[in-house]
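Listing of query_3.tsv, TSV, C-alpha atoms
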```
chain	number	residue	atom	x	y	z
A	13	MET	CA	91.32	104.69	107.61
A	14	THR	CA	89.99	105.16	104.05
A	15	MET	CA	89.70	102.47	101.41
A	16	PRO	CA	88.40	102.75	97.85
A	17	SER	CA	85.71	100.30	96.82
A	18	ASN	CA	88.14	98.40	94.58
A	19	ALA	CA	90.44	97.54	97.50
A	20	ALA	CA	90.90	94.44	99.63
A	21	TYR	CA	93.37	92.72	101.95
A	22	ALA	CA	95.19	89.40	101.56
A	23	GLU	CA	97.04	87.40	104.22
A	24	VAL	CA	100.53	86.74	102.83
A	25	ASP	CA	103.73	85.76	104.66
A	26	GLY	CA	102.37	86.95	108.02
A	27	LEU	CA	101.42	90.28	106.46
A	28	THR	CA	97.92	91.67	106.01
A	29	MET	CA	98.61	93.19	102.60
A	30	TYR	CA	96.39	95.88	101.15
A	31	TYR	CA	95.89	95.93	97.38
A	32	GLU	CA	93.75	97.71	94.85
A	33	THR	CA	92.41	96.49	91.53
A	34	HIS	CA	91.67	98.79	88.63
A	35	GLY	CA	90.59	98.61	85.04
A	36	THR	CA	89.22	95.71	83.07
A	37	ALA	CA	88.22	92.21	84.09
A	38	ARG	CA	90.86	89.60	84.85
A	39	ASP	CA	90.12	87.61	81.67
A	40	THR	CA	91.10	90.44	79.30
A	41	GLY	CA	94.81	89.62	79.15
A	42	ARG	CA	97.87	89.54	81.37
A	43	PRO	CA	97.40	91.70	84.49
A	44	LEU	CA	99.71	94.62	85.22
A	45	VAL	CA	101.18	94.80	88.73
A	46	LEU	CA	102.13	98.28	89.95
A	47	LEU	CA	104.73	98.47	92.73
A	48	HIS	CA	105.15	101.87	94.39
A	49	GLY	CA	108.28	103.54	95.75
A	50	GLY	CA	109.50	103.78	99.32
A	51	VAL	CA	107.29	105.76	101.76
A	52	LEU	CA	104.66	106.16	99.04
A	53	THR	CA	101.16	104.81	98.52
A	54	VAL	CA	99.50	103.53	95.38
A	55	GLY	CA	97.87	106.90	94.87
A	56	LEU	CA	100.99	108.99	95.44
A	57	ALA	CA	103.13	106.86	93.14
A	58	PHE	CA	100.71	106.09	90.32
A	59	GLY	CA	97.78	108.49	90.56
A	60	ALA	CA	98.86	110.34	87.42
A	61	VAL	CA	99.18	107.25	85.20
A	62	LEU	CA	96.48	104.95	86.61
A	63	PRO	CA	93.52	106.37	84.66
A	64	ALA	CA	95.20	105.77	81.31
A	65	LEU	CA	96.82	102.44	82.20
A	66	SER	CA	93.56	101.02	83.51
A	67	THR	CA	91.51	101.69	80.37
A	68	ALA	CA	92.60	98.43	78.72
A	69	ARG	CA	94.36	96.46	81.47
A	70	HIS	CA	93.49	94.65	84.66
A	71	ILE	CA	95.72	96.26	87.29
A	72	VAL	CA	96.76	94.95	90.70
A	73	ALA	CA	98.44	97.54	92.91
A	74	PRO	CA	99.51	96.41	96.40
A	75	GLU	CA	100.94	98.53	99.20
A	76	LEU	CA	104.16	96.95	100.46
A	77	GLN	CA	105.06	96.09	104.06
A	78	GLY	CA	104.50	99.08	106.34
A	79	HIS	CA	103.35	101.33	103.50
A	80	GLY	CA	99.98	103.02	103.27
A	81	HIS	CA	97.17	100.79	104.49
A	82	THR	CA	99.47	97.77	105.00
A	83	ALA	CA	100.54	97.57	108.64
A	84	ASP	CA	104.19	96.92	109.40
A	85	ILE	CA	105.26	93.66	111.03
A	86	ASP	CA	108.26	92.65	113.10
A	87	ARG	CA	110.44	91.89	110.09
A	88	ALA	CA	113.10	93.83	108.23
A	89	ILE	CA	111.99	95.59	105.07
A	90	THR	CA	114.24	93.96	102.48
A	91	VAL	CA	113.94	93.53	98.74
A	92	PRO	CA	113.72	89.71	98.96
A	93	ASN	CA	111.03	89.96	101.65
A	94	LEU	CA	108.98	92.43	99.62
A	95	ALA	CA	109.30	90.34	96.47
A	96	GLY	CA	108.22	87.24	98.37
A	97	ASP	CA	105.12	89.08	99.55
A	98	VAL	CA	104.24	90.10	96.00
A	99	VAL	CA	104.63	86.56	94.66
A	100	ALA	CA	102.50	85.28	97.56
A	101	LEU	CA	99.82	87.84	96.68
A	102	LEU	CA	99.81	86.67	93.06
A	103	ASP	CA	99.44	83.10	94.31
A	104	GLU	CA	96.54	84.17	96.54
A	105	LEU	CA	94.86	85.88	93.58
A	106	GLY	CA	95.48	82.97	91.20
A	107	ILE	CA	97.67	85.04	88.86
A	108	GLU	CA	100.31	82.85	87.23
A	109	GLN	CA	102.00	85.59	85.22
A	110	ALA	CA	101.77	89.38	85.08
A	111	ASP	CA	103.51	92.40	83.63
A	112	PHE	CA	105.24	94.60	86.20
A	113	LEU	CA	105.78	98.34	86.54
A	114	GLY	CA	107.92	99.12	89.56
A	115	PHE	CA	109.09	102.54	90.68
A	116	SER	CA	112.15	102.98	92.93
A	117	LEU	CA	111.76	100.51	95.85
A	118	GLY	CA	108.96	98.94	93.82
A	119	GLY	CA	111.37	98.62	90.89
A	120	LEU	CA	113.86	96.79	93.09
A	121	THR	CA	111.03	94.50	94.18
A	122	ALA	CA	109.96	93.86	90.58
A	123	LEU	CA	113.57	93.14	89.57
A	124	GLU	CA	113.88	90.58	92.37
A	125	VAL	CA	110.67	88.86	91.20
A	126	ALA	CA	112.02	88.77	87.64
A	127	VAL	CA	115.39	87.32	88.72
A	128	ARG	CA	114.07	84.71	91.19
A	129	HIS	CA	110.72	83.88	89.56
A	130	PRO	CA	111.16	84.55	85.81
A	131	GLU	CA	108.11	82.49	84.92
A	132	ARG	CA	105.89	84.99	86.78
A	133	VAL	CA	106.94	88.03	84.72
A	134	GLY	CA	105.70	88.83	81.21
A	135	ARG	CA	107.02	92.33	80.56
A	136	LEU	CA	109.04	94.40	83.00
A	137	VAL	CA	109.21	98.18	83.44
A	138	LEU	CA	111.83	99.37	85.95
A	139	ALA	CA	111.49	103.06	86.74
A	140	SER	CA	114.24	104.78	88.76
A	141	THR	CA	115.78	101.42	89.59
A	142	GLN	CA	119.42	100.49	90.19
A	143	TYR	CA	120.92	97.01	90.51
A	144	THR	CA	123.84	97.95	92.77
A	145	GLN	CA	124.02	100.73	95.33
A	146	ASP	CA	126.78	102.51	93.43
A	147	GLY	CA	124.11	103.13	90.81
A	148	TYR	CA	122.95	106.07	92.94
A	149	HIS	CA	124.57	109.47	92.84
A	150	GLU	CA	126.87	109.69	95.87
A	151	GLU	CA	124.97	112.66	97.28
A	152	ILE	CA	121.77	110.58	97.51
A	153	LEU	CA	123.48	108.23	99.99
A	154	ASP	CA	124.43	111.09	102.34
A	155	PRO	CA	121.79	111.12	105.12
A	156	ALA	CA	122.63	114.72	105.98
A	157	GLY	CA	122.67	115.88	102.38
A	158	ASP	CA	120.72	118.76	100.91
A	159	SER	CA	121.07	117.78	97.26
A	160	PRO	CA	118.54	119.24	94.80
A	161	LEU	CA	118.06	115.66	93.60
A	162	LEU	CA	116.47	114.68	96.93
A	163	PRO	CA	112.75	114.99	97.76
A	164	THR	CA	111.73	118.50	98.75
A	165	GLU	CA	110.09	119.58	101.97
A	166	ALA	CA	106.79	119.62	100.10
A	167	ASP	CA	107.40	116.06	98.89
A	168	PHE	CA	108.03	114.88	102.46
A	169	LYS	CA	104.89	116.65	103.68
A	170	GLU	CA	102.84	114.93	100.98
A	171	MET	CA	104.23	111.54	102.04
A	172	ALA	CA	103.61	112.24	105.72
A	173	ASP	CA	100.05	113.41	105.06
A	174	ALA	CA	99.27	110.33	102.97
A	175	TYR	CA	100.66	108.06	105.71
A	176	ALA	CA	98.68	109.85	108.40
A	177	ALA	CA	95.49	109.53	106.37
A	178	VAL	CA	95.54	105.75	105.86
A	179	ALA	CA	98.20	104.00	107.98
A	180	PRO	CA	96.94	101.66	110.73
A	181	ARG	CA	99.45	103.27	113.14
A	182	PRO	CA	100.05	106.82	111.88
A	183	GLU	CA	102.09	107.74	114.96
A	184	HIS	CA	104.87	105.40	113.74
A	185	PHE	CA	105.82	107.54	110.74
A	186	ALA	CA	109.29	108.49	112.02
A	187	ASP	CA	110.12	104.86	112.84
A	188	PHE	CA	108.80	103.79	109.44
A	189	ILE	CA	110.98	106.36	107.65
A	190	ALA	CA	114.04	105.03	109.49
A	191	LYS	CA	113.19	101.44	108.59
A	192	CYS	CA	112.70	102.36	104.92
A	193	SER	CA	116.00	104.22	104.88
A	194	VAL	CA	117.81	101.08	106.02
A	195	ALA	CA	116.06	99.12	103.26
A	196	ALA	CA	116.85	101.71	100.60
A	197	HIS	CA	120.56	101.82	101.41
A	198	GLY	CA	121.13	98.14	102.21
A	199	PRO	CA	123.01	95.68	99.99
A	200	LEU	CA	121.20	94.57	96.85
A	201	PRO	CA	121.04	90.86	96.01
A	202	TRP	CA	122.12	90.83	92.34
A	203	THR	CA	125.17	90.52	90.15
A	204	ALA	CA	125.72	91.50	86.54
A	205	ASP	CA	125.18	87.84	85.63
A	206	ASP	CA	121.70	87.96	87.18
A	207	LEU	CA	120.78	90.78	84.81
A	208	ARG	CA	122.22	88.86	81.86
A	209	THR	CA	119.80	86.01	82.58
A	210	LEU	CA	116.63	88.14	82.55
A	211	ALA	CA	114.21	86.75	80.01
A	212	ALA	CA	111.40	89.31	80.27
A	213	PRO	CA	111.34	92.15	77.74
A	214	THR	CA	112.49	95.11	79.83
A	215	LEU	CA	112.05	98.88	79.67
A	216	LEU	CA	114.24	101.03	81.93
A	217	VAL	CA	113.06	104.57	82.67
A	218	ILE	CA	114.89	107.25	84.66
A	219	GLY	CA	114.92	111.02	84.88
A	220	ASP	CA	117.99	112.95	83.82
A	221	THR	CA	118.23	114.30	87.40
A	222	ASP	CA	117.12	111.11	89.12
A	223	PHE	CA	118.61	109.29	92.11
A	224	VAL	CA	120.04	106.79	89.62
A	225	ARG	CA	123.02	107.79	87.49
A	226	VAL	CA	122.40	107.77	83.73
A	227	GLU	CA	125.64	105.82	83.27
A	228	HIS	CA	124.37	103.09	85.62
A	229	ALA	CA	121.05	102.84	83.76
A	230	ALA	CA	123.00	102.53	80.50
A	231	GLU	CA	125.04	99.70	82.04
A	232	MET	CA	121.81	97.91	83.00
A	233	GLN	CA	120.53	98.39	79.46
A	234	ARG	CA	123.65	96.69	78.10
A	235	LEU	CA	123.43	93.80	80.59
A	236	ILE	CA	119.73	92.93	80.20
A	237	PRO	CA	119.12	91.18	76.87
A	238	GLY	CA	117.18	93.41	74.50
A	239	ALA	CA	116.43	96.03	77.15
A	240	ARG	CA	115.32	99.53	76.20
A	241	LEU	CA	116.30	102.70	78.07
A	242	ALA	CA	114.44	106.00	78.26
A	243	VAL	CA	115.92	109.05	79.99
A	244	LEU	CA	113.27	111.71	80.56
A	245	PRO	CA	114.56	115.29	80.27
A	246	ASP	CA	114.27	117.81	83.10
A	247	THR	CA	112.92	115.08	85.41
A	248	THR	CA	113.76	114.39	89.05
A	249	HIS	CA	113.11	111.17	90.93
A	250	MET	CA	109.93	112.43	92.57
A	251	ALA	CA	108.61	113.93	89.33
A	252	LEU	CA	109.16	110.88	87.13
A	253	MET	CA	105.80	109.11	87.42
A	254	GLY	CA	104.00	112.39	86.85
A	255	ARG	CA	105.54	113.01	83.42
A	256	THR	CA	102.51	111.52	81.73
A	257	SER	CA	102.97	113.15	78.33
A	258	LEU	CA	106.32	111.37	77.99
A	259	LEU	CA	105.66	108.22	80.00
A	260	LEU	CA	102.25	107.08	78.82
A	261	PRO	CA	103.03	106.73	75.09
A	262	MET	CA	106.12	104.66	75.96
A	263	LEU	CA	104.27	102.48	78.45
A	264	GLU	CA	101.34	101.90	76.14
A	265	GLU	CA	103.63	100.99	73.23
A	266	PHE	CA	105.83	98.72	75.34
A	267	LEU	CA	103.14	96.98	77.35
A	268	GLY	CA	100.82	96.63	74.37
```
Just give me the structure as structure tokens.
Amino acid sequence: MTMPSNAAYAEVDGLTMYYETHGTARDTGRPLVLLHGGVLTVGLAFGAVLPALSTARHIVAPELQGHGHTADIDRAITVPNLAGDVVALLDELGIEQADFLGFSLGGLTALEVAVRHPERVGRLVLASTQYTQDGYHEEILDPAGDSPLLPTEADFKEMADAYAAVAPRPEHFADFIAKCSVAAHGPLPWTADDLRTLAAPTLLVIGDTDFVRVEHAAEMQRLIPGARLAVLPDTTHMALMGRTSLLLPMLEEFLG
């Protein structure tokens, strides 16, 4: 198992959670928490944007239950469970409030933190994030589908290779994929009224050929007070966080 020098583990909610820190010292402003997507690692999800984001921010980037270096436990992977782990990690690190950038499953996790623990969230970036399951294109929910919107064979190989390189039990990849699939397609815990109560300034980002429908993202933008919406052209779900020329200026302007 490989670990960068800026990595550590924290015991939270029965989970030995791996996390990385990047960038400046803790006392230089509100930290930024990065929450990766399903079946990804910190590096796979955020490797393209981390160098720029960490130049002026203190960044905390955990790997969620069963992902990357963080071993799975005998507990369902659910959005409330993942959000509880993240809040427990912030408690462990003594971070009262942070900005959040969540991608896909990490976006769902960040949204749950913002809804249930609004005092912990400064600014909120939700990338490729829906608030109800009908926010996805129907073809994404078809387990036997071959939609061009879905990850490619090369994408799956990259995820499998990353898991094999760092996971405590790399032989469990197939079981882990199945568990993540249940989490990704399970009921989500919010209503439109929950979004209307969000207090954190919010930026929504999707690709124009993302898992999430543009119409659904526009609905979220209308529900969340003062929210902004960016739709990146010619951008699939898996490509979104790599579109640095479009993403980084928006993130830097929004996060400050």
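Comparing A:Leu117, A:Met262, A:Ala95, A:Val127 by their smallest distance to A:Phe223, the closest is A:Leu117 (using all atoms listed in the file).
Among the candidates A:Met232, A:Pro163, A:Thr28, A:Val51, the residue lying nearest to A:Ala186 is A:Val51 (atoms considered: all atoms listed in the file).
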Cut-off 9 Å: closest stretch 146-219 of chain A/stretch 225-229 of chain A atom pairs per residue, using all atoms listed in the file, as JSON lines:
```
{"residue": "A:Asp146", "atom": "CA", "partner": "A:His228", "partner_atom": "CA", "distance": 8.2}
{"residue": "A:Gly147", "atom": "CA", "partner": "A:His228", "partner_atom": "CA", "distance": 5.2}
{"residue": "A:Tyr148", "atom": "CA", "partner": "A:Arg225", "partner_atom": "CA", "distance": 5.7}
{"residue": "A:His149", "atom": "CA", "partner": "A:Arg225", "partner_atom": "CA", "distance": 5.8}
{"residue": "A:Leu216", "atom": "CA", "partner": "A:Ala229", "partner_atom": "CA", "distance": 7.3}
{"residue": "A:Val217", "atom": "CA", "partner": "A:Ala229", "partner_atom": "CA", "distance": 8.2}
{"residue": "A:Ile218", "atom": "CA", "partner": "A:Val226", "partner_atom": "CA", "distance": 7.6}
{"residue": "A:Gly219", "atom": "CA", "partner": "A:Val226", "partner_atom": "CA", "distance": 8.2}
```
Those same residues, written as a JSON list (two decimals), keeping the file's coordinate frame with C-alpha atoms?
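After the write, part31.json holds the following:
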```json
[["chain", "number", "residue", "atom", "x", "y", "z"],
["A", 146, "ASP", "CA", 126.78, 102.51, 93.43],
["A", 147, "GLY", "CA", 124.11, 103.13, 90.81],
["A", 148, "TYR", "CA", 122.95, 106.07, 92.94],
["A", 149, "HIS", "CA", 124.57, 109.47, 92.84],
["A", 216, "LEU", "CA", 114.24, 101.03, 81.93],
["A", 217, "VAL", "CA", 113.06, 104.57, 82.67],
["A", 218, "ILE", "CA", 114.89, 107.25, 84.66],
["A", 219, "GLY", "CA", 114.92, 111.02, 84.88]]
```
Selection near stretch 19-23 of chain A, 9 Å with only C-alpha atoms, sequence-local residues under 5 positions removed, as a PDB file with C-alpha atoms, keeping the file's coordinate frame:
```
ATOM      1  CA  THR A  28      97.920  91.670 106.010  1.00  0.00           C
ATOM      2  CA  MET A  29      98.610  93.190 102.600  1.00  0.00           C
ATOM      3  CA  TYR A  30      96.390  95.880 101.150  1.00  0.00           C
ATOM      4  CA  TYR A  31      95.890  95.930  97.380  1.00  0.00           C
ATOM      5  CA  GLU A  32      93.750  97.710  94.850  1.00  0.00           C
ATOM      6  CA  THR A  33      92.410  96.490  91.530  1.00  0.00           C
ATOM      7  CA  THR A  82      99.470  97.770 105.000  1.00  0.00           C
ATOM      8  CA  ALA A 100     102.500  85.280  97.560  1.00  0.00           C
ATOM      9  CA  LEU A 101      99.820  87.840  96.680  1.00  0.00           C
ATOM     10  CA  GLU A 104      96.540  84.170  96.540  1.00  0.00           C
ATOM     11  CA  LEU A 105      94.860  85.880  93.580  1.00  0.00           C
TER      12      LEU A 105
END
```
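Using only C-alpha atoms for every distance, the candidate list A:Arg38, A:His184, A:Lys191, A:Lys169 yields A:Lys191 as the residue closest to A:Arg87.
Between atom CA of A:Pro182 and atom CA of A:Ala166 lies a distance of 18.7 Å.
Candidate residues A:Leu161, A:Leu76, A:Leu258, A:Cys192 were compared for distance to A:Val224, and the nearest is A:Leu161, using only C-alpha atoms.
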Of the listed residues A:Val243, A:Ala196, A:Ala73, A:Leu210, that which approaches A:Arg135 most closely, counting only C-alpha atoms: A:Leu210
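Between A:Leu200 and the candidates A:Leu120, A:Leu263, A:Ala88, A:Leu138, the tightest atom-to-atom separation, counting all atoms listed in the file, involves A:Leu120.
Interatomic distance, atom CA of A:His81 against atom CA of A:Pro180: 6.3 Å.
The space between atom CA of A:Asp246 and atom CA of A:Asp158 spans 19.0 Å.
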Name all residues at most 10 Å from A:Glu131 (count all atoms listed in the file; drop same-chain ones fewer than 5 positions away) and give them as a tab-separated table (two decimals) with C-alpha atoms, keeping the file's coordinate frame.
```
chain	number	residue	atom	x	y	z
A	108	GLU	CA	100.31	82.85	87.23
A	109	GLN	CA	102.00	85.59	85.22
A	110	ALA	CA	101.77	89.38	85.08
A	125	VAL	CA	110.67	88.86	91.20
A	126	ALA	CA	112.02	88.77	87.64
A	211	ALA	CA	114.21	86.75	80.01
A	212	ALA	CA	111.40	89.31	80.27
```
Residues within 8 Å of A:Met253, only C-alpha atoms, excluding chain neighbours under 5 positions, as a list in words: Ala57, Phe58, Ala60, Val61 and Leu259 of chain A
Is there a way to get, as a tab-separated table (two decimals) with C-alpha atoms, in the frame of the given file, all residues within 10 Å of the point (94.1, 90.0, 79.8) in file coordinates, counting all atoms listed in the file?
```
chain	number	residue	atom	x	y	z
A	36	THR	CA	89.22	95.71	83.07
A	37	ALA	CA	88.22	92.21	84.09
A	38	ARG	CA	90.86	89.60	84.85
A	39	ASP	CA	90.12	87.61	81.67
A	40	THR	CA	91.10	90.44	79.30
A	41	GLY	CA	94.81	89.62	79.15
A	42	ARG	CA	97.87	89.54	81.37
A	43	PRO	CA	97.40	91.70	84.49
A	44	LEU	CA	99.71	94.62	85.22
A	68	ALA	CA	92.60	98.43	78.72
A	69	ARG	CA	94.36	96.46	81.47
A	70	HIS	CA	93.49	94.65	84.66
A	71	ILE	CA	95.72	96.26	87.29
A	110	ALA	CA	101.77	89.38	85.08
```
A:Gly49 surroundings by only C-alpha atoms, 6 Å radius, close-in-sequence under 3 positions cut, as JSON, numbers by chain: {"A": [52, 115, 116, 117, 118]}
Pull C-alpha atoms from the residues just selected and write them as a short mmCIF file (atom, residue, chain, number, x, y, z; two decimals), keeping the file's coordinate frame.
```
data_model
loop_
_atom_site.label_atom_id
_atom_site.label_comp_id
_atom_site.auth_asym_id
_atom_site.auth_seq_id
_atom_site.Cartn_x
_atom_site.Cartn_y
_atom_site.Cartn_z
CA LEU A 52 104.66 106.16 99.04
CA PHE A 115 109.09 102.54 90.68
CA SER A 116 112.15 102.98 92.93
CA LEU A 117 111.76 100.51 95.85
CA GLY A 118 108.96 98.94 93.82
#
```
Please complete stretch 46-68 of chain A with N, CA and C atoms and give it back as a PDB file, keeping the file's coordinate frame.
```pdb
ATOM      1  N   LEU A  46     101.451  97.017  89.671  1.00  0.00           N
ATOM      2  CA  LEU A  46     102.130  98.280  89.950  1.00  0.00           C
ATOM      3  C   LEU A  46     102.732  98.221  91.350  1.00  0.00           C
ATOM      4  N   LEU A  47     104.032  98.511  91.450  1.00  0.00           N
ATOM      5  CA  LEU A  47     104.730  98.470  92.730  1.00  0.00           C
ATOM      6  C   LEU A  47     105.317  99.849  93.010  1.00  0.00           C
ATOM      7  N   HIS A  48     104.827 100.484  94.065  1.00  0.00           N
ATOM      8  CA  HIS A  48     105.150 101.870  94.390  1.00  0.00           C
ATOM      9  C   HIS A  48     106.541 102.008  95.000  1.00  0.00           C
ATOM     10  N   GLY A  49     106.990 103.240  95.143  1.00  0.00           N
ATOM     11  CA  GLY A  49     108.280 103.540  95.750  1.00  0.00           C
ATOM     12  C   GLY A  49     108.212 103.611  97.260  1.00  0.00           C
ATOM     13  N   GLY A  50     109.389 103.734  97.878  1.00  0.00           N
ATOM     14  CA  GLY A  50     109.500 103.780  99.320  1.00  0.00           C
ATOM     15  C   GLY A  50     108.782 104.984  99.923  1.00  0.00           C
ATOM     16  N   VAL A  51     108.048 104.761 100.991  1.00  0.00           N
ATOM     17  CA  VAL A  51     107.290 105.760 101.760  1.00  0.00           C
ATOM     18  C   VAL A  51     106.096 106.296 100.972  1.00  0.00           C
ATOM     19  N   LEU A  52     105.789 105.704  99.850  1.00  0.00           N
ATOM     20  CA  LEU A  52     104.660 106.160  99.040  1.00  0.00           C
ATOM     21  C   LEU A  52     103.474 105.215  99.200  1.00  0.00           C
ATOM     22  N   THR A  53     102.362 105.621  98.633  1.00  0.00           N
ATOM     23  CA  THR A  53     101.160 104.810  98.520  1.00  0.00           C
ATOM     24  C   THR A  53     100.877 104.570  97.051  1.00  0.00           C
ATOM     25  N   VAL A  54      99.906 103.727  96.765  1.00  0.00           N
ATOM     26  CA  VAL A  54      99.500 103.530  95.380  1.00  0.00           C
ATOM     27  C   VAL A  54      99.132 104.862  94.737  1.00  0.00           C
ATOM     28  N   GLY A  55      98.331 105.639  95.433  1.00  0.00           N
ATOM     29  CA  GLY A  55      97.870 106.900  94.870  1.00  0.00           C
ATOM     30  C   GLY A  55      98.978 107.892  94.629  1.00  0.00           C
ATOM     31  N   LEU A  56      99.891 108.035  95.607  1.00  0.00           N
ATOM     32  CA  LEU A  56     100.990 108.990  95.440  1.00  0.00           C
ATOM     33  C   LEU A  56     101.902 108.593  94.294  1.00  0.00           C
ATOM     34  N   ALA A  57     102.190 107.303  94.169  1.00  0.00           N
ATOM     35  CA  ALA A  57     103.130 106.860  93.140  1.00  0.00           C
ATOM     36  C   ALA A  57     102.503 106.854  91.749  1.00  0.00           C
ATOM     37  N   PHE A  58     101.262 106.405  91.641  1.00  0.00           N
ATOM     38  CA  PHE A  58     100.710 106.090  90.320  1.00  0.00           C
ATOM     39  C   PHE A  58      99.434 106.841  89.971  1.00  0.00           C
ATOM     40  N   GLY A  59      99.032 107.782  90.818  1.00  0.00           N
ATOM     41  CA  GLY A  59      97.780 108.490  90.560  1.00  0.00           C
ATOM     42  C   GLY A  59      97.722 109.151  89.194  1.00  0.00           C
ATOM     43  N   ALA A  60      98.860 109.637  88.709  1.00  0.00           N
ATOM     44  CA  ALA A  60      98.860 110.340  87.420  1.00  0.00           C
ATOM     45  C   ALA A  60      98.704 109.404  86.233  1.00  0.00           C
ATOM     46  N   VAL A  61      99.199 108.156  86.357  1.00  0.00           N
ATOM     47  CA  VAL A  61      99.180 107.250  85.200  1.00  0.00           C
ATOM     48  C   VAL A  61      98.067 106.204  85.274  1.00  0.00           C
ATOM     49  N   LEU A  62      97.491 106.004  86.455  1.00  0.00           N
ATOM     50  CA  LEU A  62      96.480 104.950  86.610  1.00  0.00           C
ATOM     51  C   LEU A  62      95.282 105.093  85.682  1.00  0.00           C
ATOM     52  N   PRO A  63      94.710 106.288  85.526  1.00  0.00           N
ATOM     53  CA  PRO A  63      93.520 106.370  84.660  1.00  0.00           C
ATOM     54  C   PRO A  63      93.771 105.857  83.251  1.00  0.00           C
ATOM     55  N   ALA A  64      94.906 106.225  82.669  1.00  0.00           N
ATOM     56  CA  ALA A  64      95.200 105.770  81.310  1.00  0.00           C
ATOM     57  C   ALA A  64      95.563 104.297  81.262  1.00  0.00           C
ATOM     58  N   LEU A  65      96.394 103.837  82.214  1.00  0.00           N
ATOM     59  CA  LEU A  65      96.820 102.440  82.200  1.00  0.00           C
ATOM     60  C   LEU A  65      95.665 101.481  82.422  1.00  0.00           C
ATOM     61  N   SER A  66      94.656 101.922  83.155  1.00  0.00           N
ATOM     62  CA  SER A  66      93.560 101.020  83.510  1.00  0.00           C
ATOM     63  C   SER A  66      92.456 100.962  82.463  1.00  0.00           C
ATOM     64  N   THR A  67      92.582 101.713  81.374  1.00  0.00           N
ATOM     65  CA  THR A  67      91.510 101.690  80.370  1.00  0.00           C
ATOM     66  C   THR A  67      91.452 100.357  79.634  1.00  0.00           C
ATOM     67  N   ALA A  68      92.588  99.680  79.478  1.00  0.00           N
ATOM     68  CA  ALA A  68      92.600  98.430  78.720  1.00  0.00           C
ATOM     69  C   ALA A  68      93.316  97.306  79.433  1.00  0.00           C
TER      70      ALA A  68
END
```
